[in-house]
Structures are given as C-alpha cells and as structure tokens.
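For reference, run_33.txt (compact mmCIF, C-alpha atoms):
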```
# COMPACT_ATOMS: atom_id res chain seq x y z
CA MET A 1 14.24 46.28 -29.43
CA SER A 2 15.57 48.99 -27.09
CA PRO A 3 16.07 52.52 -28.48
CA SER A 4 19.85 52.07 -28.28
CA ASP A 5 19.68 48.72 -30.14
CA ARG A 6 17.55 50.41 -32.77
CA LEU A 7 20.06 53.22 -33.27
CA ALA A 8 22.92 50.70 -33.30
CA ARG A 9 21.27 48.75 -36.13
CA GLN A 10 20.56 51.93 -38.11
CA LEU A 11 24.21 52.97 -37.77
CA GLN A 12 25.50 49.50 -38.63
CA PHE A 13 23.53 49.69 -41.89
CA LEU A 14 24.69 53.24 -42.64
CA VAL A 15 28.31 52.12 -42.17
CA GLU A 16 27.82 48.98 -44.28
CA ILE A 17 26.47 50.97 -47.23
CA ASP A 18 29.64 53.06 -47.37
CA LYS A 19 30.80 50.19 -49.62
CA LEU A 20 28.56 51.52 -52.41
CA LYS A 21 31.20 54.22 -52.96
CA SER A 22 33.56 51.49 -54.17
CA VAL A 23 31.19 49.84 -56.67
CA LEU A 24 32.28 51.12 -60.07
CA ARG A 25 29.91 51.53 -62.99
CA ARG A 26 30.75 51.47 -66.70
CA THR A 27 29.89 55.16 -67.02
CA TRP A 28 32.61 57.81 -67.25
CA LEU A 29 32.37 61.12 -65.43
CA VAL A 30 31.50 63.96 -67.78
CA ASP A 31 35.12 65.19 -67.68
CA GLY A 32 36.34 61.70 -68.61
CA SER A 33 38.72 61.54 -65.64
CA ARG A 34 37.49 58.23 -64.21
CA LEU A 35 34.56 55.81 -63.99
CA GLU A 36 31.60 56.77 -61.83
CA ASN A 37 30.69 54.84 -58.67
CA ASP A 38 27.21 53.82 -57.57
CA ALA A 39 27.02 56.23 -54.62
CA GLU A 40 27.73 59.37 -56.64
CA HIS A 41 25.46 58.07 -59.44
CA SER A 42 22.66 57.72 -56.87
CA TRP A 43 23.30 61.26 -55.61
CA HIS A 44 23.18 62.59 -59.17
CA LEU A 45 19.85 60.82 -59.77
CA GLY A 46 18.47 62.50 -56.67
CA LEU A 47 19.01 65.94 -58.19
CA PHE A 48 17.82 64.75 -61.63
CA ALA A 49 14.59 63.70 -59.87
CA VAL A 50 14.22 66.99 -57.96
CA LEU A 51 14.80 69.18 -61.01
CA LEU A 52 12.99 67.11 -63.66
CA ALA A 53 9.95 66.10 -61.56
CA GLU A 54 7.68 68.32 -63.67
CA HIS A 55 8.39 66.01 -66.65
CA ALA A 56 7.07 62.88 -64.90
CA ALA A 57 4.37 60.99 -66.80
CA GLY A 58 1.52 61.85 -64.46
CA GLU A 59 0.16 64.20 -61.82
CA ASN A 60 0.80 64.19 -58.08
CA LEU A 61 4.19 62.52 -58.17
CA ASP A 62 5.32 61.58 -54.64
CA LEU A 63 8.82 63.04 -54.95
CA LEU A 64 9.83 61.89 -51.46
CA ARG A 65 9.23 58.27 -52.45
CA VAL A 66 11.12 58.82 -55.73
CA LEU A 67 14.10 60.20 -53.80
CA LYS A 68 14.12 57.30 -51.36
CA MET A 69 14.04 54.91 -54.33
CA VAL A 70 16.88 56.52 -56.29
CA LEU A 71 19.05 56.82 -53.16
CA MET A 72 18.63 53.12 -52.23
CA HIS A 73 17.97 51.35 -55.56
CA ASP A 74 21.59 50.32 -56.17
CA LEU A 75 22.45 49.19 -52.61
CA VAL A 76 22.09 45.54 -53.67
CA GLU A 77 25.15 46.07 -55.89
CA ILE A 78 27.31 46.13 -52.72
CA ASP A 79 27.04 42.33 -52.82
CA ALA A 80 25.87 41.68 -56.39
CA GLY A 81 28.21 44.11 -58.17
CA ASP A 82 27.25 46.43 -61.00
CA THR A 83 25.73 44.48 -63.87
CA TYR A 84 26.42 46.28 -67.13
CA ALA A 85 23.21 47.01 -68.96
CA TYR A 86 24.60 45.48 -72.17
CA ASP A 87 26.19 42.36 -70.62
CA GLU A 88 23.69 39.60 -71.44
CA VAL A 89 25.71 36.88 -69.67
CA ALA A 90 25.89 38.73 -66.36
CA LYS A 91 22.23 39.70 -66.67
CA ALA A 92 21.19 36.00 -66.66
CA ASP A 93 21.67 35.61 -62.90
CA GLN A 94 21.42 39.28 -61.95
CA ALA A 95 17.98 38.92 -60.36
CA ASP A 96 19.10 36.02 -58.12
CA ARG A 97 22.26 37.80 -57.01
CA GLU A 98 20.36 40.98 -56.23
CA GLN A 99 17.60 39.21 -54.31
CA GLN A 100 20.19 37.56 -52.06
CA ALA A 101 21.88 40.91 -51.55
CA ALA A 102 18.58 42.54 -50.58
CA ASP A 103 17.88 39.74 -48.11
CA ARG A 104 21.21 40.22 -46.37
CA LEU A 105 21.46 44.00 -46.45
CA PHE A 106 17.98 45.05 -45.43
CA ALA A 107 18.00 42.51 -42.56
CA LEU A 108 20.60 44.71 -40.88
CA LEU A 109 17.91 47.35 -40.31
CA PRO A 110 15.23 47.42 -37.60
CA PRO A 111 12.29 45.35 -38.95
CA ASP A 112 10.01 48.28 -39.87
CA GLN A 113 12.77 50.00 -41.86
CA ALA A 114 13.85 46.70 -43.42
CA ALA A 115 10.27 46.27 -44.65
CA GLU A 116 10.16 49.85 -45.96
CA PHE A 117 13.41 49.42 -47.90
CA ARG A 118 12.37 46.05 -49.26
CA GLY A 119 9.11 47.62 -50.38
CA LEU A 120 10.85 50.54 -52.06
CA TRP A 121 13.26 48.25 -53.88
CA ASP A 122 10.50 45.86 -54.98
CA GLU A 123 8.48 48.85 -56.19
CA PHE A 124 11.43 50.19 -58.16
CA GLU A 125 12.13 46.81 -59.72
CA ALA A 126 8.48 46.16 -60.61
CA GLY A 127 8.19 49.53 -62.35
CA ARG A 128 4.43 49.75 -62.10
CA THR A 129 3.88 52.96 -60.10
CA LEU A 130 4.34 56.48 -61.43
CA GLU A 131 7.17 56.96 -58.92
CA ALA A 132 9.00 53.77 -59.94
CA ARG A 133 8.68 54.62 -63.64
CA PHE A 134 9.99 58.12 -63.13
CA ALA A 135 12.87 56.87 -60.94
CA ALA A 136 13.76 54.30 -63.61
CA ALA A 137 13.57 56.97 -66.31
CA VAL A 138 16.18 59.17 -64.65
CA ASP A 139 18.28 56.06 -63.88
CA ARG A 140 18.43 55.27 -67.61
CA PHE A 141 18.69 58.85 -68.78
CA GLN A 142 21.67 59.92 -66.64
CA PRO A 143 24.19 57.36 -68.01
CA LEU A 144 23.00 58.01 -71.56
CA LEU A 145 23.72 61.70 -71.07
CA HIS A 146 27.20 60.87 -69.70
CA ASN A 147 27.86 58.53 -72.63
CA TYR A 148 26.80 61.20 -75.11
CA LEU A 149 28.92 63.90 -73.44
CA THR A 150 32.01 61.65 -73.39
CA ARG A 151 31.58 61.05 -77.14
CA GLY A 152 30.29 57.53 -76.59
CA ARG A 153 33.34 56.36 -74.69
CA ALA A 154 31.60 53.50 -72.84
CA TRP A 155 29.51 52.58 -75.89
CA ARG A 156 32.62 52.34 -78.05
CA GLN A 157 34.58 50.43 -75.38
CA HIS A 158 31.85 47.80 -75.16
CA GLY A 159 30.74 47.72 -78.82
CA VAL A 160 27.22 48.85 -78.05
CA THR A 161 24.97 49.65 -81.03
CA SER A 162 22.17 52.18 -81.31
CA ASP A 163 19.38 49.58 -81.47
CA ARG A 164 20.49 48.24 -78.08
CA VAL A 165 20.60 51.73 -76.60
CA VAL A 166 17.09 52.38 -77.88
CA ALA A 167 15.88 49.06 -76.41
CA ARG A 168 17.56 49.85 -73.07
CA THR A 169 16.21 53.39 -72.77
CA ARG A 170 12.76 53.04 -74.38
CA SER A 171 11.10 52.75 -70.96
CA ILE A 172 12.03 56.40 -70.34
CA ALA A 173 8.92 57.10 -72.44
CA ASP A 174 6.78 55.53 -69.68
CA GLY A 175 8.31 57.61 -66.90
CA ALA A 176 9.07 60.94 -68.55
CA PRO A 177 7.84 61.33 -72.16
CA VAL A 178 9.56 64.69 -72.74
CA LEU A 179 12.90 63.20 -71.76
CA TRP A 180 12.35 60.33 -74.18
CA GLU A 181 11.98 62.78 -77.07
CA HIS A 182 15.27 64.34 -76.01
CA VAL A 183 16.91 60.91 -75.73
CA LEU A 184 15.93 60.06 -79.31
CA GLU A 185 17.58 63.29 -80.49
CA LEU A 186 20.74 62.47 -78.53
CA ILE A 187 20.87 58.94 -79.98
CA ARG A 188 20.38 60.23 -83.55
CA ASP A 189 23.10 62.81 -83.00
CA ALA A 190 25.43 60.25 -81.38
CA VAL A 191 25.11 58.02 -84.47
CA ALA A 192 25.66 60.98 -86.81
CA GLU A 193 28.79 62.03 -84.86
CA GLY A 194 30.15 58.49 -84.77
CA TYR A 195 29.87 58.14 -80.98
CA LEU A 196 27.54 55.18 -81.37
CA ALA A 197 27.46 52.44 -84.04
CA GLU A 198 24.22 51.90 -85.94
CA MET B 1 11.08 80.61 -71.59
CA SER B 2 9.95 77.87 -74.00
CA PRO B 3 9.58 74.29 -72.66
CA SER B 4 12.65 73.20 -74.61
CA ASP B 5 14.72 76.13 -73.24
CA ARG B 6 13.57 75.18 -69.77
CA LEU B 7 14.67 71.55 -70.19
CA ALA B 8 17.95 72.70 -71.74
CA ARG B 9 18.73 74.83 -68.68
CA GLN B 10 17.82 72.03 -66.29
CA LEU B 11 20.12 69.66 -68.16
CA GLN B 12 22.94 72.21 -68.35
CA PHE B 13 22.79 72.49 -64.56
CA LEU B 14 22.65 68.72 -64.07
CA VAL B 15 25.74 68.32 -66.27
CA GLU B 16 27.58 71.15 -64.51
CA ILE B 17 27.08 69.60 -61.08
CA ASP B 18 28.82 66.40 -62.20
CA LYS B 19 31.91 68.32 -61.05
CA LEU B 20 30.89 67.73 -57.41
CA LYS B 21 32.14 64.15 -57.86
CA SER B 22 35.68 65.57 -58.17
CA VAL B 23 35.61 67.76 -55.05
CA LEU B 24 37.53 65.81 -52.42
CA ARG B 25 36.83 66.09 -48.72
CA ARG B 26 39.22 65.42 -45.82
CA THR B 27 37.21 62.38 -44.76
CA TRP B 28 38.41 58.85 -45.54
CA LEU B 29 36.05 56.12 -46.71
CA VAL B 30 35.32 53.64 -43.92
CA ASP B 31 37.63 51.08 -45.55
CA GLY B 32 40.43 53.68 -45.66
CA SER B 33 41.01 53.18 -49.40
CA ARG B 34 40.73 56.84 -50.40
CA LEU B 35 39.26 60.24 -49.52
CA GLU B 36 35.54 60.76 -49.95
CA ASN B 37 34.14 63.20 -52.50
CA ASP B 38 31.29 65.64 -52.00
CA ALA B 39 28.82 63.81 -54.25
CA GLU B 40 29.05 60.47 -52.49
CA HIS B 41 29.06 62.27 -49.12
CA SER B 42 25.79 63.98 -50.12
CA TRP B 43 24.30 60.62 -51.16
CA HIS B 44 25.30 59.10 -47.84
CA LEU B 45 23.66 61.98 -45.95
CA GLY B 46 20.45 61.32 -47.87
CA LEU B 47 20.21 57.83 -46.43
CA PHE B 48 21.33 59.03 -42.98
CA ALA B 49 18.38 61.45 -43.14
CA VAL B 50 15.89 58.82 -44.31
CA LEU B 51 16.88 56.27 -41.66
CA LEU B 52 17.49 58.61 -38.72
CA ALA B 53 14.53 60.96 -39.26
CA GLU B 54 12.81 59.63 -36.11
CA HIS B 55 15.67 61.14 -34.07
CA ALA B 56 15.08 64.70 -35.31
CA ALA B 57 14.57 67.32 -32.60
CA GLY B 58 10.88 67.91 -33.26
CA GLU B 59 7.66 66.57 -34.73
CA ASN B 60 6.44 66.70 -38.32
CA LEU B 61 9.85 66.87 -39.97
CA ASP B 62 9.49 67.64 -43.69
CA LEU B 63 11.81 64.87 -44.89
CA LEU B 64 11.48 65.88 -48.55
CA ARG B 65 12.91 69.32 -47.77
CA VAL B 66 15.68 67.73 -45.70
CA LEU B 67 16.60 65.46 -48.63
CA LYS B 68 16.66 68.35 -51.08
CA MET B 69 18.92 70.26 -48.68
CA VAL B 70 21.42 67.45 -48.10
CA LEU B 71 21.59 66.65 -51.82
CA MET B 72 22.31 70.26 -52.81
CA HIS B 73 24.02 71.80 -49.76
CA ASP B 74 27.59 71.22 -51.00
CA LEU B 75 27.09 72.27 -54.65
CA VAL B 76 28.74 75.63 -53.93
CA GLU B 77 31.99 73.71 -53.35
CA ILE B 78 32.21 73.11 -57.12
CA ASP B 79 33.56 76.66 -57.30
CA ALA B 80 34.53 77.34 -53.68
CA GLY B 81 36.22 74.01 -52.94
CA ASP B 82 35.85 71.99 -49.76
CA THR B 83 36.76 74.09 -46.74
CA TYR B 84 38.09 71.83 -43.99
CA ALA B 85 36.07 72.27 -40.81
CA TYR B 86 39.27 72.77 -38.78
CA ASP B 87 41.07 75.12 -41.20
CA GLU B 88 40.58 78.56 -39.61
CA VAL B 89 42.45 80.39 -42.38
CA ALA B 90 40.33 78.98 -45.19
CA LYS B 91 37.17 79.55 -43.16
CA ALA B 92 37.83 83.31 -43.04
CA ASP B 93 36.65 83.88 -46.63
CA GLN B 94 34.53 80.73 -46.98
CA ALA B 95 31.23 82.58 -46.83
CA ASP B 96 32.24 85.02 -49.60
CA ARG B 97 33.52 82.24 -51.87
CA GLU B 98 30.38 80.19 -51.37
CA GLN B 99 28.02 83.12 -51.95
CA GLN B 100 29.70 83.80 -55.30
CA ALA B 101 29.45 80.13 -56.18
CA ALA B 102 25.75 80.06 -55.33
CA ASP B 103 25.18 83.17 -57.47
CA ARG B 104 26.83 81.56 -60.50
CA LEU B 105 25.53 78.01 -60.17
CA PHE B 106 21.89 78.56 -59.36
CA ALA B 107 21.62 81.16 -62.13
CA LEU B 108 22.01 78.30 -64.60
CA LEU B 109 18.55 77.02 -63.60
CA PRO B 110 15.15 78.32 -64.74
CA PRO B 111 14.28 81.24 -62.41
CA ASP B 112 11.73 79.40 -60.23
CA GLN B 113 14.13 76.52 -59.59
CA ALA B 114 17.04 78.92 -59.05
CA ALA B 115 14.95 80.62 -56.35
CA GLU B 116 14.02 77.27 -54.78
CA PHE B 117 17.67 76.15 -54.62
CA ARG B 118 18.83 79.49 -53.28
CA GLY B 119 16.11 79.27 -50.63
CA LEU B 120 17.10 75.73 -49.65
CA TRP B 121 20.77 76.67 -49.41
CA ASP B 122 20.05 79.83 -47.40
CA GLU B 123 17.80 77.81 -45.10
CA PHE B 124 20.52 75.19 -44.58
CA GLU B 125 23.14 77.84 -43.88
CA ALA B 126 20.92 79.80 -41.48
CA GLY B 127 20.13 76.66 -39.47
CA ARG B 128 16.96 78.01 -37.94
CA THR B 129 14.30 75.51 -39.09
CA LEU B 130 13.86 71.98 -37.78
CA GLU B 131 14.77 70.67 -41.25
CA ALA B 132 17.96 72.73 -41.53
CA ARG B 133 19.08 71.71 -38.03
CA PHE B 134 18.47 68.05 -38.72
CA ALA B 135 20.25 68.26 -42.10
CA ALA B 136 23.21 69.97 -40.42
CA ALA B 137 23.23 67.34 -37.67
CA VAL B 138 23.66 64.46 -40.13
CA ASP B 139 26.22 66.53 -42.09
CA ARG B 140 28.36 66.81 -38.94
CA PHE B 141 27.67 63.32 -37.66
CA GLN B 142 28.63 61.36 -40.81
CA PRO B 143 32.28 62.55 -41.05
CA LEU B 144 32.71 62.08 -37.28
CA LEU B 145 31.58 58.48 -37.67
CA HIS B 146 34.04 57.99 -40.57
CA ASN B 147 36.85 59.53 -38.53
CA TYR B 148 36.08 57.28 -35.59
CA LEU B 149 35.91 54.15 -37.76
CA THR B 150 39.23 54.96 -39.47
CA ARG B 151 40.85 55.28 -36.02
CA GLY B 152 41.01 59.05 -36.25
CA ARG B 153 43.01 59.11 -39.47
CA ALA B 154 41.93 62.58 -40.60
CA TRP B 155 42.04 63.97 -37.05
CA ARG B 156 45.59 62.72 -36.58
CA GLN B 157 46.67 63.95 -40.03
CA HIS B 158 45.48 67.45 -39.25
CA GLY B 159 46.32 67.58 -35.53
CA VAL B 160 42.71 68.06 -34.46
CA THR B 161 41.99 67.93 -30.71
CA SER B 162 38.86 66.71 -28.92
CA ASP B 163 37.78 70.18 -27.76
CA ARG B 164 37.65 71.31 -31.40
CA VAL B 165 35.64 68.24 -32.41
CA VAL B 166 33.18 68.92 -29.58
CA ALA B 167 32.89 72.57 -30.65
CA ARG B 168 32.36 71.53 -34.29
CA THR B 169 29.73 68.89 -33.59
CA ARG B 170 27.89 70.41 -30.60
CA SER B 171 25.12 71.69 -32.89
CA ILE B 172 24.10 68.06 -33.48
CA ALA B 173 22.32 68.44 -30.13
CA ASP B 174 19.98 71.02 -31.73
CA GLY B 175 19.09 68.80 -34.66
CA ALA B 176 19.11 65.28 -33.23
CA PRO B 177 19.64 65.06 -29.43
CA VAL B 178 19.93 61.25 -29.37
CA LEU B 179 22.72 61.38 -31.94
CA TRP B 180 24.55 63.97 -29.84
CA GLU B 181 24.60 61.58 -26.87
CA HIS B 182 26.10 58.96 -29.16
CA VAL B 183 28.65 61.44 -30.51
CA LEU B 184 29.86 62.25 -26.99
CA GLU B 185 30.41 58.53 -26.38
CA LEU B 186 32.34 58.20 -29.65
CA ILE B 187 34.53 61.21 -28.79
CA ARG B 188 35.28 59.88 -25.30
CA ASP B 189 36.13 56.49 -26.75
CA ALA B 190 38.26 58.04 -29.52
CA VAL B 191 40.33 59.89 -26.89
CA ALA B 192 40.65 56.73 -24.77
CA GLU B 193 41.81 54.73 -27.82
CA GLY B 194 44.28 57.42 -28.89
CA TYR B 195 42.42 58.24 -32.16
CA LEU B 196 41.95 61.84 -31.03
CA ALA B 197 44.22 64.06 -28.92
CA GLU B 198 42.76 65.68 -25.81
```

Is it possible to give me this structure as structure tokens?
Amino acid sequence: MSPSDRLARQLQFLVEIDKLKSVLRRTWLVDGSRLENDAEHSWHLGLFAVLLAEHAAGENLDLLRVLKMVLMHDLVEIDAGDTYAYDEVAKADQADREQQAADRLFALLPPDQAAEFRGLWDEFEAGRTLEARFAAAVDRFQPLLHNYLTRGRAWRQHGVTSDRVVARTRSIADGAPVLWEHVLELIRDAVAEGYLAE
Amino acid sequence: MSPSDRLARQLQFLVEIDKLKSVLRRTWLVDGSRLENDAEHSWHLGLFAVLLAEHAAGENLDLLRVLKMVLMHDLVEIDAGDTYAYDEVAKADQADREQQAADRLFALLPPDQAAEFRGLWDEFEAGRTLEARFAAAVDRFQPLLHNYLTRGRAWRQHGVTSDRVVARTRSIADGAPVLWEHVLELIRDAVAEGYLAE
C-alpha cells in the first residue's frame, strides 16, 4: 500500500465514523435538553477515564489503551444502532449485529490499524484486562450518573427497576470499586426520591 | 482533602463539562444534517490523533498527552463560547474570555488535577511541543475536511476566502507535514469546484 493509499484509507474511515454523531442513546443530557449521541458519550468517557484513573481496580493502568477503547468502543453502533441496556429483545441479536459492523468498519482501515482496532474492541467486549474492566466501568457509570441527575427520566420512560440497574452496573465493582460504592448510594437515593422503581 | 471529597470534586467537574455538548461550532456534520458541537468534535479529534499519529512531525510522539489535550482543549468554550476562526471581532477578546473560563473550570478539580489540566491547556495554546503541534494540526484539519465534504457550506455562509483558509491552516505543516500537503490539494480543489472563493 502506497503512503497516499494509506492516508486515503485512514481519512475514509475518519469520515465514515462521523456517523456516530447521529446515533442517539437513551440517555438525556444533564440539562435534559435532548438525548445524548454516541460520539459525545464517547468523548465524555474519555475525560471520565482521565480523571478517575486513580480509582481503577489495579496498579499500572495503561491509560492510553483505555482511552483508545472508550473512543472506539461504540463505533459498531454506526451499523448496529444503539441497543438499550434494558431491551432484552434487541439484546438477543446484538452480538451478531455488532460483529458484522466491526467486520465492515475496521476493514476500511489499513490492515495493521484494522487489526489494532479489532483487538481493542475484542478486548473491551471480553472484559478480562484491567483496562477493559475500567473502560467498561466508566461506560456504565456515566449513563447512571446522567439518569440520576435527570431524576430518573430514562428509567421512568422505560419502566426500569432498581434490581435491573444493580444487575447492569454491578460490574463497575470489578473495574473501579470506589465508584461502585458511590453507585450503590446513588441507586438507594434514586429509589428513596422516586426516580427509580424498586 | 478526604478521598470522598476528592471523588466528589472529580464528579462535579465531570457533570459540569456535560455542557460542552451544547456548545455549537460553525462546522456542519458530514451529512449536512446539523452543526457539530464541541464534545463530538473533541471525540472525533481523538480518533484522528490515534489513526494519524504516524504523520506527526517528529519521533516519539506522546500519544497519551495528545489525547488528553484534544479531549480537554475546548472545555473553556463552556464559558467563553465557540469563537469562529474567521470572526476577527470575536477573536479580539477570545484569549481573555478563555483564560477566565480556565480559571473557573479547572478550579473545580482537586488541585493536582487542576494543575495538570491547566498545564495541558497552556501547552496546547502555546503550540511549542511536538504533541501540542500535532494536536493543533488535527484540530485545524478536521473542520477543513468537513467544510470540503459539505461543499464549502460554512465557508460560503460566512464569506470565507481561500487565502484566509490557507492562513488559518498553515500551522498544520508544523504538526503533520503530510496532512498539510493533502490540505493544499483540498483547498485547490475546493476553489476549482466553487466551494471556496479565491
């Protein structure tokens, strides 16, 4: 591949992923003005990761790898769409849809970068490394914080109960134990305030 | 500062910066559906930096510092607003407005992280290190690419001429010389196609 072909493929990918800005999530912005999209969610996670890295569940966190993961982990939703965490029907074929999306999207890149991105995404999905667990922890913590601050707006819209929120966010304990303690307080408070059904 | 005070300040900052998602830029999304906001722009720059790092104007680029810079470089616009690159009136007091914003925003963080963010932002603004130059290069390249792909929509809306675009983007040559060659081609083509006035 010539240097100019290589740059052309990198730019084709960077243009393609602009579509992530149009993939809407079920999470409301903190000010309640509109739903959040995947691109701004991914940006927000980047700064969650930078500022909360000291709370990761282990020493010697590779923050660069965490940042790459949080910036790219939702790219598959360009094709597969956002699957709501509490939508059991959509979750049934989520893995298939996202695998196909990864196959198409990452193939746009030069082969070495395609392999790097596939590796990062597989690592994030597998959730076995310290970096993947911490990245997943901030990915589950951020929408919970938004839901709490908007008085449970998305939870109430979708009839989500506290046991399901606990089940969904419990893995935060594996990535960032201190955050998990805080999450439990927020969930208790959300139930007490009526933001979240028991 | 107790550990719980420290976490509380980190979270207060992370909630405050949600406002960046509501700061609109003059750049259109590639599909032309709406203007881009600062948060999704910052996310996009993160992946520009990851994928184009090999084109940086020097060896041993510290990509982690670049990513921190691109993720946080526009936070001051929460208070100061987006200053359009071709608005000479607004640019007159831009530095003052942004310094005040940095003073307020970073003071929300625990002192060590406030100092880190201030240092990153000062480094980005000064543009003297390899990392700052590369971060600035992708920050100027991404909107140019969007303008080109939307057939010069923002340029035409604001009556921007090619000499001003060249003056605005010339510093890309200091951060990523290969990108600058590509930018000159895009500008020439944009003029030929009538996307950009001479």

Worksheet item: Which one of A:Ala197, A:Lys19, A:Lys91, A:Asp31 sits closest to Gln157 in chain A if you count all atoms listed in the file?
Response: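 Looking only at the distances to Gln157 in chain A, the closest residue turns out to be A:Ala197.
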
Discussion item. With 6 Å as the limit and counting only C-alpha atoms, what residues in chain A lie close to chain B? Please list them as a list in words.
Written reply: Ala39, Glu40, Trp43 and Leu64 of chain A

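Residues with any atom within 8 Å of Arg168 in chain A, counting only C-alpha atoms and excluding same-chain neighbours fewer than 3 positions away, are Ala85, Arg140, Arg164, Val165 and Ser171 of chain A.
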
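Going from CA of Asp112 in chain A over to CA of Asn60 in chain B, you cover 18.8 Å.
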
Practice prompt. For CA of Ala53 in chain A and CA of Phe134 in chain A, quote the distance in Å rounded to one decimal.
Written response: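 CA of Phe134 in chain A lies 8.1 Å from CA of Ala53 in chain A.
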
Worksheet entry | Residues within 7 Å of Val76 in chain A, all atoms listed in the file, excluding chain neighbours under 4 positions, as a PyMOL selection string | chain A and resi 80+98+101-102

Worksheet entry | Nearest residue to Glu116 in chain B from the set B:Gly81, B:Thr129, B:Met69, B:Ala56 (distances using all atoms listed in the file) | B:Met69

Practice prompt. Have a look at B:Ser162, B:Leu120, B:Leu61, B:Gln12 and name the one nearest to Leu105 in chain B; count only C-alpha atoms.
Written response: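 Closest to Leu105 in chain B of all the choices is B:Gln12.
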
Worksheet item: Expressed in Å to a single decimal, how great is the separation between CA of Thr27 in chain B and CA of Thr83 in chain B?
Response: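 Taking CA of Thr27 in chain B as the start and CA of Thr83 in chain B as the end point, the length is 11.9 Å.
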
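Residues in contact with Trp121 in chain A at up to 6 Å, not including ones fewer than 3 positions away on its chain and judged by all atoms listed in the file, are His73, Arg118 and Phe124 of chain A.
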
Selected residues written out, C-alpha atoms, as a PDB file, in the coordinates of the input:
```
ATOM      1  CA  HIS A  73      17.970  51.350 -55.560  1.00  0.00           C
ATOM      2  CA  ARG A 118      12.370  46.050 -49.260  1.00  0.00           C
ATOM      3  CA  PHE A 124      11.430  50.190 -58.160  1.00  0.00           C
TER       4      PHE A 124
END
```

Discussion item. Nearest residue to Phe106 in chain B out of B:Arg9, B:Tyr86, B:Ala49, B:Glu131, using only C-alpha atoms?
Written reply: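 Of B:Arg9, B:Tyr86, B:Ala49, B:Glu131, the one nearest Phe106 in chain B is B:Arg9, counting only C-alpha atoms.
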
Worksheet item: Which residue, A:Thr150, A:Ala176, A:Ala167, A:Glu125, has the smallest gap to Gly194 in chain A when you use all atoms listed in the file?
Response: A:Thr150

Worksheet item: Near Glu185 in chain B, counting only C-alpha atoms, which residues have an atom at most 12 Å away, once you skip same-chain residues fewer than 4 positions from it, shown as a VMD selection string?
Response: chain B and resid 144 to 145 148 166 178 to 181 189 to 192

Let me see the file: selected residues, C-alpha atoms, as a CSV table (one decimal), keeping the file's coordinate frame.
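The new file again22.csv reads:
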```csv
chain,number,residue,atom,x,y,z
B,144,LEU,CA,32.7,62.1,-37.3
B,145,LEU,CA,31.6,58.5,-37.7
B,148,TYR,CA,36.1,57.3,-35.6
B,166,VAL,CA,33.2,68.9,-29.6
B,178,VAL,CA,19.9,61.2,-29.4
B,179,LEU,CA,22.7,61.4,-31.9
B,180,TRP,CA,24.6,64.0,-29.8
B,181,GLU,CA,24.6,61.6,-26.9
B,189,ASP,CA,36.1,56.5,-26.8
B,190,ALA,CA,38.3,58.0,-29.5
B,191,VAL,CA,40.3,59.9,-26.9
B,192,ALA,CA,40.6,56.7,-24.8
```

Build an axis-aligned box that encloses every atom of range 168-171 of chain A listed in the file, pad it by 6 Å on each side, and report its centre and edge lengths in Å to one decimal, as AutoDock Vina command-line options.
```
--center_x 14.3 --center_y 51.6 --center_z -72.7 --size_x 18.5 --size_y 15.5 --size_z 15.4
```

Could you add N, CA and C atoms to range 123-138 of chain B and give me the result as a PDB file, in the coordinates of the input?
```
ATOM      1  N   GLU B 123      18.422  78.424 -46.266  1.00  0.00           N
ATOM      2  CA  GLU B 123      17.800  77.810 -45.100  1.00  0.00           C
ATOM      3  C   GLU B 123      18.790  76.884 -44.382  1.00  0.00           C
ATOM      4  N   PHE B 124      19.518  76.094 -45.171  1.00  0.00           N
ATOM      5  CA  PHE B 124      20.520  75.190 -44.580  1.00  0.00           C
ATOM      6  C   PHE B 124      21.579  75.988 -43.836  1.00  0.00           C
ATOM      7  N   GLU B 125      22.072  77.036 -44.476  1.00  0.00           N
ATOM      8  CA  GLU B 125      23.140  77.840 -43.880  1.00  0.00           C
ATOM      9  C   GLU B 125      22.682  78.575 -42.623  1.00  0.00           C
ATOM     10  N   ALA B 126      21.430  79.047 -42.637  1.00  0.00           N
ATOM     11  CA  ALA B 126      20.920  79.800 -41.480  1.00  0.00           C
ATOM     12  C   ALA B 126      20.666  78.879 -40.290  1.00  0.00           C
ATOM     13  N   GLY B 127      20.288  77.640 -40.548  1.00  0.00           N
ATOM     14  CA  GLY B 127      20.130  76.660 -39.470  1.00  0.00           C
ATOM     15  C   GLY B 127      19.066  77.007 -38.460  1.00  0.00           C
ATOM     16  N   ARG B 128      17.989  77.634 -38.908  1.00  0.00           N
ATOM     17  CA  ARG B 128      16.960  78.010 -37.940  1.00  0.00           C
ATOM     18  C   ARG B 128      15.769  77.045 -37.926  1.00  0.00           C
ATOM     19  N   THR B 129      15.459  76.413 -39.065  1.00  0.00           N
ATOM     20  CA  THR B 129      14.300  75.510 -39.090  1.00  0.00           C
ATOM     21  C   THR B 129      14.689  74.121 -38.590  1.00  0.00           C
ATOM     22  N   LEU B 130      13.665  73.374 -38.196  1.00  0.00           N
ATOM     23  CA  LEU B 130      13.860  71.980 -37.780  1.00  0.00           C
ATOM     24  C   LEU B 130      14.599  71.198 -38.864  1.00  0.00           C
ATOM     25  N   GLU B 131      14.187  71.412 -40.129  1.00  0.00           N
ATOM     26  CA  GLU B 131      14.770  70.670 -41.250  1.00  0.00           C
ATOM     27  C   GLU B 131      16.244  71.020 -41.435  1.00  0.00           C
ATOM     28  N   ALA B 132      16.566  72.312 -41.346  1.00  0.00           N
ATOM     29  CA  ALA B 132      17.960  72.730 -41.530  1.00  0.00           C
ATOM     30  C   ALA B 132      18.831  72.196 -40.388  1.00  0.00           C
ATOM     31  N   ARG B 133      18.293  72.199 -39.173  1.00  0.00           N
ATOM     32  CA  ARG B 133      19.080  71.710 -38.030  1.00  0.00           C
ATOM     33  C   ARG B 133      19.315  70.210 -38.122  1.00  0.00           C
ATOM     34  N   PHE B 134      18.293  69.494 -38.579  1.00  0.00           N
ATOM     35  CA  PHE B 134      18.470  68.050 -38.720  1.00  0.00           C
ATOM     36  C   PHE B 134      19.439  67.741 -39.859  1.00  0.00           C
ATOM     37  N   ALA B 135      19.319  68.456 -40.981  1.00  0.00           N
ATOM     38  CA  ALA B 135      20.250  68.260 -42.100  1.00  0.00           C
ATOM     39  C   ALA B 135      21.685  68.548 -41.662  1.00  0.00           C
ATOM     40  N   ALA B 136      21.864  69.631 -40.905  1.00  0.00           N
ATOM     41  CA  ALA B 136      23.210  69.970 -40.420  1.00  0.00           C
ATOM     42  C   ALA B 136      23.721  68.923 -39.439  1.00  0.00           C
ATOM     43  N   ALA B 137      22.815  68.357 -38.647  1.00  0.00           N
ATOM     44  CA  ALA B 137      23.230  67.340 -37.670  1.00  0.00           C
ATOM     45  C   ALA B 137      23.803  66.116 -38.396  1.00  0.00           C
ATOM     46  N   VAL B 138      23.114  65.632 -39.431  1.00  0.00           N
ATOM     47  CA  VAL B 138      23.660  64.460 -40.130  1.00  0.00           C
ATOM     48  C   VAL B 138      24.928  64.829 -40.894  1.00  0.00           C
TER      49      VAL B 138
END
```
